[in-house]
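Shown next: query.cif, containing mmCIF, C-alpha atoms.
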data_upload
loop_
_atom_site.group_PDB
_atom_site.id
_atom_site.type_symbol
_atom_site.label_atom_id
_atom_site.label_comp_id
_atom_site.auth_asym_id
_atom_site.auth_seq_id
_atom_site.Cartn_x
_atom_site.Cartn_y
_atom_site.Cartn_z
ATOM 1 C CA MET A 184 214.889 36.507 168.519
ATOM 2 C CA PHE A 185 213.398 38.060 171.665
ATOM 3 C CA VAL A 186 216.839 38.936 173.043
ATOM 4 C CA LEU A 187 217.922 40.286 169.645
ATOM 5 C CA MET A 188 214.857 42.527 169.372
ATOM 6 C CA PHE A 189 215.358 43.832 172.905
ATOM 7 C CA ALA A 190 219.058 44.510 172.219
ATOM 8 C CA LEU A 191 218.164 46.409 169.012
ATOM 9 C CA TRP A 192 215.599 48.446 170.960
ATOM 10 C CA ILE A 193 218.250 49.509 173.491
ATOM 11 C CA ILE A 194 220.830 50.253 170.758
ATOM 12 C CA PHE A 195 218.434 52.380 168.700
ATOM 13 C CA ASN A 196 217.358 54.356 171.783
ATOM 14 C CA GLY A 197 220.970 55.226 172.555
ATOM 15 C CA ARG A 198 220.539 55.173 176.320
ATOM 16 C CA PHE A 199 219.397 52.736 179.002
ATOM 17 C CA THR A 200 216.806 53.639 181.616
ATOM 18 C CA ALA A 201 214.229 51.614 183.526
ATOM 19 C CA GLU A 202 211.382 53.134 181.500
ATOM 20 C CA ILE A 203 213.068 52.366 178.153
ATOM 21 C CA ALA A 204 213.913 48.829 179.299
ATOM 22 C CA LEU A 205 210.342 48.052 180.439
ATOM 23 C CA PHE A 206 208.821 49.500 177.278
ATOM 24 C CA GLY A 207 211.365 47.567 175.184
ATOM 25 C CA LEU A 208 210.479 44.318 176.958
ATOM 26 C CA ALA A 209 206.789 44.902 176.272
ATOM 27 C CA VAL A 210 207.342 45.713 172.581
ATOM 28 C CA SER A 211 209.725 42.765 172.123
ATOM 29 C CA ALA A 212 207.244 40.397 173.775
ATOM 30 C CA LEU A 213 204.438 41.686 171.535
ATOM 31 C CA VAL A 214 206.497 41.244 168.346
ATOM 32 C CA PHE A 215 207.653 37.809 169.515
ATOM 33 C CA TRP A 216 204.027 36.773 170.122
ATOM 34 C CA PHE A 217 203.119 38.003 166.630
ATOM 35 C CA LEU A 218 205.942 35.912 165.099
ATOM 36 C CA CYS A 219 204.841 32.792 166.985
ATOM 37 C CA ARG A 220 201.166 33.328 166.165
ATOM 38 C CA PHE A 221 201.279 34.277 162.485
ATOM 39 C CA MET A 222 204.746 33.496 161.072
ATOM 40 C CA ASP A 223 205.359 29.858 162.114
ATOM 41 C CA TYR A 224 207.929 30.727 164.792
ATOM 42 C CA SER A 225 208.089 28.958 168.140
ATOM 43 C CA LEU A 226 209.997 28.669 171.388
ATOM 44 C CA LYS A 227 211.556 25.434 170.084
ATOM 45 C CA LYS A 228 213.070 27.329 167.162
ATOM 46 C CA GLU A 229 214.271 30.000 169.590
ATOM 47 C CA ALA A 230 215.955 27.351 171.758
ATOM 48 C CA GLY A 231 217.464 25.750 168.638
ATOM 49 C CA ALA A 232 218.930 29.088 167.567
ATOM 50 C CA TYR A 233 220.554 29.552 170.989
ATOM 51 C CA ARG A 234 221.956 25.997 170.894
ATOM 52 C CA GLY A 235 223.368 26.671 167.427
ATOM 53 C CA LEU A 236 224.984 29.889 168.655
ATOM 54 C CA VAL A 237 226.579 28.121 171.630
ATOM 55 C CA PHE A 238 227.814 25.322 169.361
ATOM 56 C CA GLY A 239 229.296 27.831 166.904
ATOM 57 C CA LEU A 240 231.190 29.625 169.684
ATOM 58 C CA LYS A 241 232.530 26.310 171.033
ATOM 59 C CA TYR A 242 233.650 25.295 167.552
ATOM 60 C CA ILE A 243 235.466 28.608 167.010
ATOM 61 C CA VAL A 244 237.278 28.181 170.350
ATOM 62 C CA LEU A 245 238.264 24.620 169.350
ATOM 63 C CA LEU A 246 239.522 25.839 165.955
ATOM 64 C CA ILE A 247 241.628 28.603 167.533
ATOM 65 C CA CYS A 248 243.144 26.132 170.031
ATOM 66 C CA GLU A 249 244.021 23.667 167.248
ATOM 67 C CA ILE A 250 245.557 26.474 165.161
ATOM 68 C CA PHE A 251 247.782 27.520 168.074
ATOM 69 C CA LYS A 252 248.898 23.939 168.766
ATOM 70 C CA ALA A 253 249.664 23.295 165.097
ATOM 71 C CA ASN A 254 251.538 26.611 164.859
ATOM 72 C CA PHE A 255 253.932 25.621 167.635
ATOM 73 C CA TYR A 256 254.429 22.165 166.136
ATOM 74 C CA VAL A 257 255.214 23.550 162.661
ATOM 75 C CA MET A 258 257.572 26.202 164.121
ATOM 76 C CA ASN A 259 259.419 23.507 166.048
ATOM 77 C CA LEU A 260 259.535 21.336 162.929
ATOM 78 C CA ILE A 261 261.001 24.109 160.761
ATOM 79 C CA LEU A 262 263.427 25.669 163.242
ATOM 80 C CA SER A 263 264.816 22.440 164.672
ATOM 81 C CA SER A 264 267.494 20.630 162.692
ATOM 82 C CA LYS A 265 266.974 17.240 164.347
ATOM 83 C CA TYR A 266 263.679 16.563 162.556
ATOM 84 C CA ILE A 267 263.472 15.129 159.055
ATOM 85 C CA ILE A 268 260.359 16.492 157.335
ATOM 86 C CA GLU A 269 258.344 13.797 155.566
ATOM 87 C CA PRO A 270 255.449 15.306 153.546
ATOM 88 C CA LYS A 271 252.492 13.045 152.926
ATOM 89 C CA LEU A 272 249.285 12.953 150.881
ATOM 90 C CA LEU A 273 246.499 11.375 152.873
ATOM 91 C CA ARG A 274 243.107 10.143 151.705
ATOM 92 C CA PHE A 275 240.256 9.470 154.099
ATOM 93 C CA ARG A 276 236.473 9.337 154.189
ATOM 94 C CA THR A 277 234.159 11.082 156.601
ATOM 95 C CA GLY A 278 230.892 10.011 158.154
ATOM 96 C CA LEU A 279 229.386 13.502 157.861
ATOM 97 C CA LYS A 280 226.093 13.533 155.950
ATOM 98 C CA GLU A 281 225.553 17.228 155.191
ATOM 99 C CA GLU A 282 227.576 18.980 152.505
ATOM 100 C CA ALA A 283 227.896 22.138 154.603
ATOM 101 C CA ALA A 284 229.481 20.158 157.457
ATOM 102 C CA ARG A 285 231.957 18.554 155.029
ATOM 103 C CA VAL A 286 232.963 21.967 153.687
ATOM 104 C CA VAL A 287 233.444 23.297 157.230
ATOM 105 C CA LEU A 288 235.665 20.308 158.009
ATOM 106 C CA ALA A 289 237.726 20.903 154.834
ATOM 107 C CA ASN A 290 238.186 24.592 155.682
ATOM 108 C CA SER A 291 239.109 23.774 159.284
ATOM 109 C CA ILE A 292 241.824 21.370 158.081
ATOM 110 C CA THR A 293 243.158 24.021 155.694
ATOM 111 C CA LEU A 294 243.149 26.749 158.366
ATOM 112 C CA THR A 295 245.221 24.522 160.663
ATOM 113 C CA PRO A 296 248.939 25.064 159.868
ATOM 114 C CA GLY A 297 250.707 22.100 158.297
ATOM 115 C CA THR A 298 247.656 20.614 156.557
ATOM 116 C CA ILE A 299 245.816 21.642 153.380
ATOM 117 C CA THR A 300 242.686 20.104 151.906
ATOM 118 C CA VAL A 301 243.590 19.494 148.260
ATOM 119 C CA THR A 302 240.288 18.022 147.068
ATOM 120 C CA LEU A 303 236.890 17.179 148.493
ATOM 121 C CA GLU A 304 234.749 14.792 146.447
ATOM 122 C CA GLU A 305 231.495 13.817 148.166
ATOM 123 C CA ASP A 306 232.724 12.211 151.420
ATOM 124 C CA GLU A 307 236.374 11.655 150.363
ATOM 125 C CA TYR A 308 239.178 14.070 151.302
ATOM 126 C CA LEU A 309 242.675 14.396 149.909
ATOM 127 C CA VAL A 310 244.854 16.246 152.415
ATOM 128 C CA HIS A 311 248.478 17.328 152.064
ATOM 129 C CA CYS A 312 250.379 17.114 155.341
ATOM 130 C CA LEU A 313 253.666 18.930 155.854
ATOM 131 C CA ASP A 314 254.816 15.990 157.965
ATOM 132 C CA ARG A 315 253.381 12.513 158.360
ATOM 133 C CA GLU A 316 252.822 13.054 162.085
ATOM 134 C CA LEU A 317 250.395 15.890 161.287
ATOM 135 C CA GLY A 318 248.202 13.391 159.441
ATOM 136 C CA GLU A 319 247.954 10.920 162.301
ATOM 137 C CA GLY A 320 244.405 10.667 163.595
ATOM 138 C CA ILE A 321 243.023 13.121 161.049
ATOM 139 C CA GLU A 322 240.290 10.609 160.108
ATOM 140 C CA SER A 323 238.720 11.027 163.568
ATOM 141 C CA CYS A 324 239.836 14.521 164.514
ATOM 142 C CA SER A 325 238.045 16.734 167.040
ATOM 143 C CA PHE A 326 236.574 18.865 164.224
ATOM 144 C CA GLU A 327 234.705 15.902 162.773
ATOM 145 C CA LYS A 328 233.432 14.792 166.185
ATOM 146 C CA ARG A 329 231.980 18.234 166.875
ATOM 147 C CA LEU A 330 230.348 18.408 163.450
ATOM 148 C CA GLU A 331 228.861 14.926 163.913
ATOM 149 C CA GLU A 332 227.448 16.130 167.226
ATOM 150 C CA LEU A 333 225.805 19.055 165.409
ATOM 151 C CA GLU A 334 224.317 16.692 162.805
ATOM 152 C CA ARG A 335 222.901 14.456 165.550
ATOM 153 C CA MET A 336 221.350 17.494 167.203
ATOM 154 C CA LYS A 337 219.750 18.572 163.916
ATOM 155 C CA THR A 338 218.550 15.040 163.178
ATOM 156 C CA GLY A 339 216.873 14.854 166.581
ATOM 157 C CA THR A 340 215.050 18.126 165.927
ATOM 158 C CA ASP A 341 213.920 16.962 162.477
ATOM 159 C CA LYS A 342 212.682 13.649 163.888
ATOM 160 C CA SER A 343 210.607 15.452 166.529
ATOM 161 C CA LYS A 344 209.091 17.658 163.809
ATOM 162 C CA GLN A 345 208.279 14.626 161.663
ATOM 163 C CA GLY A 346 206.715 12.896 164.654
ATOM 164 C CA ALA A 347 204.512 15.913 165.387
ATOM 165 C CA SER A 348 203.374 16.178 161.763
ATOM 166 C CA ALA A 349 202.654 12.415 161.684
ATOM 167 C CA GLU A 350 200.524 12.736 164.833
ATOM 168 C CA LYS A 351 198.585 15.620 163.256
ATOM 169 C CA ALA A 352 198.038 13.608 160.073
ATOM 170 C CA ALA A 353 196.854 10.595 162.089
ATOM 171 C CA ALA A 354 194.464 12.783 164.084
ATOM 172 C CA GLY A 355 193.067 14.238 160.841
ATOM 173 C CA THR A 356 192.555 10.747 159.403
ATOM 174 C CA GLU A 357 190.828 9.632 162.588
ATOM 175 C CA GLN A 358 188.452 12.607 162.468
ATOM 176 C CA THR A 359 187.661 11.868 158.805
ATOM 177 C CA LYS A 360 186.789 8.257 159.640
ATOM 178 C CA LEU A 361 184.579 9.335 162.530
ATOM 179 C CA GLY A 362 182.864 11.868 160.284
ATOM 180 C CA LYS A 363 182.101 9.197 157.689
ATOM 181 C CA HIS A 364 180.650 6.802 160.274
ATOM 182 C CA SER A 365 178.507 9.485 161.894
ATOM 183 C CA GLU A 366 176.770 10.573 158.642
ATOM 184 C CA PRO A 367 173.055 9.639 158.624
ATOM 185 C CA LYS A 368 171.759 7.233 156.010
ATOM 186 C CA ARG A 369 169.550 9.491 153.940
ATOM 187 C CA GLY A 370 168.159 6.716 151.734
ATOM 188 C CA GLY A 371 166.680 4.849 154.689
ATOM 189 C CA SER A 372 164.976 7.941 156.079
ATOM 190 C CA ARG A 373 163.350 8.661 152.696
ATOM 191 C CA ARG A 374 161.985 5.122 152.477
ATOM 192 C CA GLU A 375 160.475 5.424 155.918
ATOM 193 C CA ARG A 376 158.795 8.675 154.912
ATOM 194 C CA GLY A 377 157.431 7.036 151.765
ATOM 195 C CA ARG A 378 155.929 4.181 153.764
ATOM 196 C CA THR A 379 154.121 6.475 156.155
#
Will you turn the file into structure tokens for me?
Amino acid sequence: MFVLMFALWIIFNGRFTAEIALFGLAVSALVFWFLCRFMDYSLKKEAGAYRGLVFGLKYIVLLICEIFKANFYVMNLILSSKYIIEPKLLRFRTGLKEEAARVVLANSITLTPGTITVTLEEDEYLVHCLDRELGEGIESCSFEKRLEELERMKTGTDKSKQGASAEKAAAGTEQTKLGKHSEPKRGGSRRERGRT
């Protein structure tokens, strides 16, 4: 967010000088502090956004590489007369938990030449392969491994958040118990006053 705000500052100014850059850094830092202080933003969320961006770029590079490799294979399959094309319908299940990750996997399979995702029902895929060799190893393809890595990263972040909230709740309970034990017994003090 800080880098984005600074980049927008430079773009809207239309030119880059030392004075504009320093003033932009100060304004971006002030807005970033305001977001962290009053709008439930944090450096952890900032780091998570950068990790997500890096992961997305890596996944796009992987997808482009797989598309190129599949293109050459399909071209060789079509143009060569020595191959006998054997189409195949393949069913397999995935270990991905999130629906968004499953949809990304289905689209990645469809974007790769020679394979089309026919149906996706919960965690079960039905894929049409132009040739049976294109379906080999599709159950544990590189797309699924990368998406599982993303899910593990998200799960780790969620667990750390849950742990922090549990610690806060435990601290609040502990303070409540201490407050109850430290309250004076008003009935006893009144009796003592009555006796005197």
Picked residues, the PyMOL selection byres ((chain A and resi 187-201) around 9), expected as an MDAnalysis selection string: chainID A and resid 184:186 202:208 210:212 214:215
Residue members of the PyMOL selection byres ((chain A and resi 315-321) around 8) in the file shown, as a short mmCIF file (atom, residue, chain, number, x, y, z; two decimals) with C-alpha atoms, in the frame of the given file:
data_model
loop_
_atom_site.label_atom_id
_atom_site.label_comp_id
_atom_site.auth_asym_id
_atom_site.auth_seq_id
_atom_site.Cartn_x
_atom_site.Cartn_y
_atom_site.Cartn_z
CA GLU A 269 258.34 13.80 155.57
CA PRO A 270 255.45 15.31 153.55
CA LYS A 271 252.49 13.04 152.93
CA LEU A 273 246.50 11.38 152.87
CA GLY A 297 250.71 22.10 158.30
CA THR A 298 247.66 20.61 156.56
CA CYS A 312 250.38 17.11 155.34
CA LEU A 313 253.67 18.93 155.85
CA ASP A 314 254.82 15.99 157.96
CA GLU A 322 240.29 10.61 160.11
CA SER A 323 238.72 11.03 163.57
CA CYS A 324 239.84 14.52 164.51
#
In Å, rounded to a single decimal, give me how far CA of Ile292 in chain A is from CA of Gly231 in chain A. 26.9 Å
Would you mind reading off the distance between CA of Arg276 in chain A and CA of Asp306 in chain A, one decimal, in Å? 5.5 Å
Distance in Å - CA of Cys219 in chain A versus CA of Phe238 in chain A: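 Separation of CA of Cys219 in chain A and CA of Phe238 in chain A: 24.3 Å.
Closest to Leu333 in chain A among A:Asp223, A:Glu281, A:Glu249, A:Glu304 is A:Glu281, based on only C-alpha atoms.
The nearest approach to Leu279 in chain A among the residues A:Lys265, A:Lys228, A:His311, A:Lys328, with only C-alpha atoms taken into account, belongs to A:Lys328.
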Out of A:Ala230, A:Arg329, A:Leu288, A:Phe275, which residue has the shortest atom-to-atom distance to Tyr308 in chain A when counting only C-alpha atoms?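 Residue with the minimum atom-to-atom distance to Tyr308 in chain A: A:Phe275.
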Quick one: of A:Tyr242, A:Phe251, A:Trp216, A:Tyr224, who's nearest to Glu327 in chain A, counting all atoms listed in the file? A:Tyr242
Using all atoms listed in the file, which residue out of A:Ala232, A:Cys248, A:Val237, A:Met222 lies closest to Leu294 in chain A?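 Closest to Leu294 in chain A, using all atoms listed in the file: A:Cys248.
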Around all of range 244-255 of chain A's listed atoms, make the axis-aligned box with 3 Å on each side and tell me centre and edge lengths in Å to one decimal, as lines of an AutoDock Vina configuration file.
center_x = 245.6
center_y = 25.9
center_z = 167.6
size_x = 22.7
size_y = 11.3
size_z = 11.5
Between A:Leu236, A:Leu246, A:Ala209, A:Met336, which is the closest to Thr295 in chain A once you count all atoms listed in the file? A:Leu246
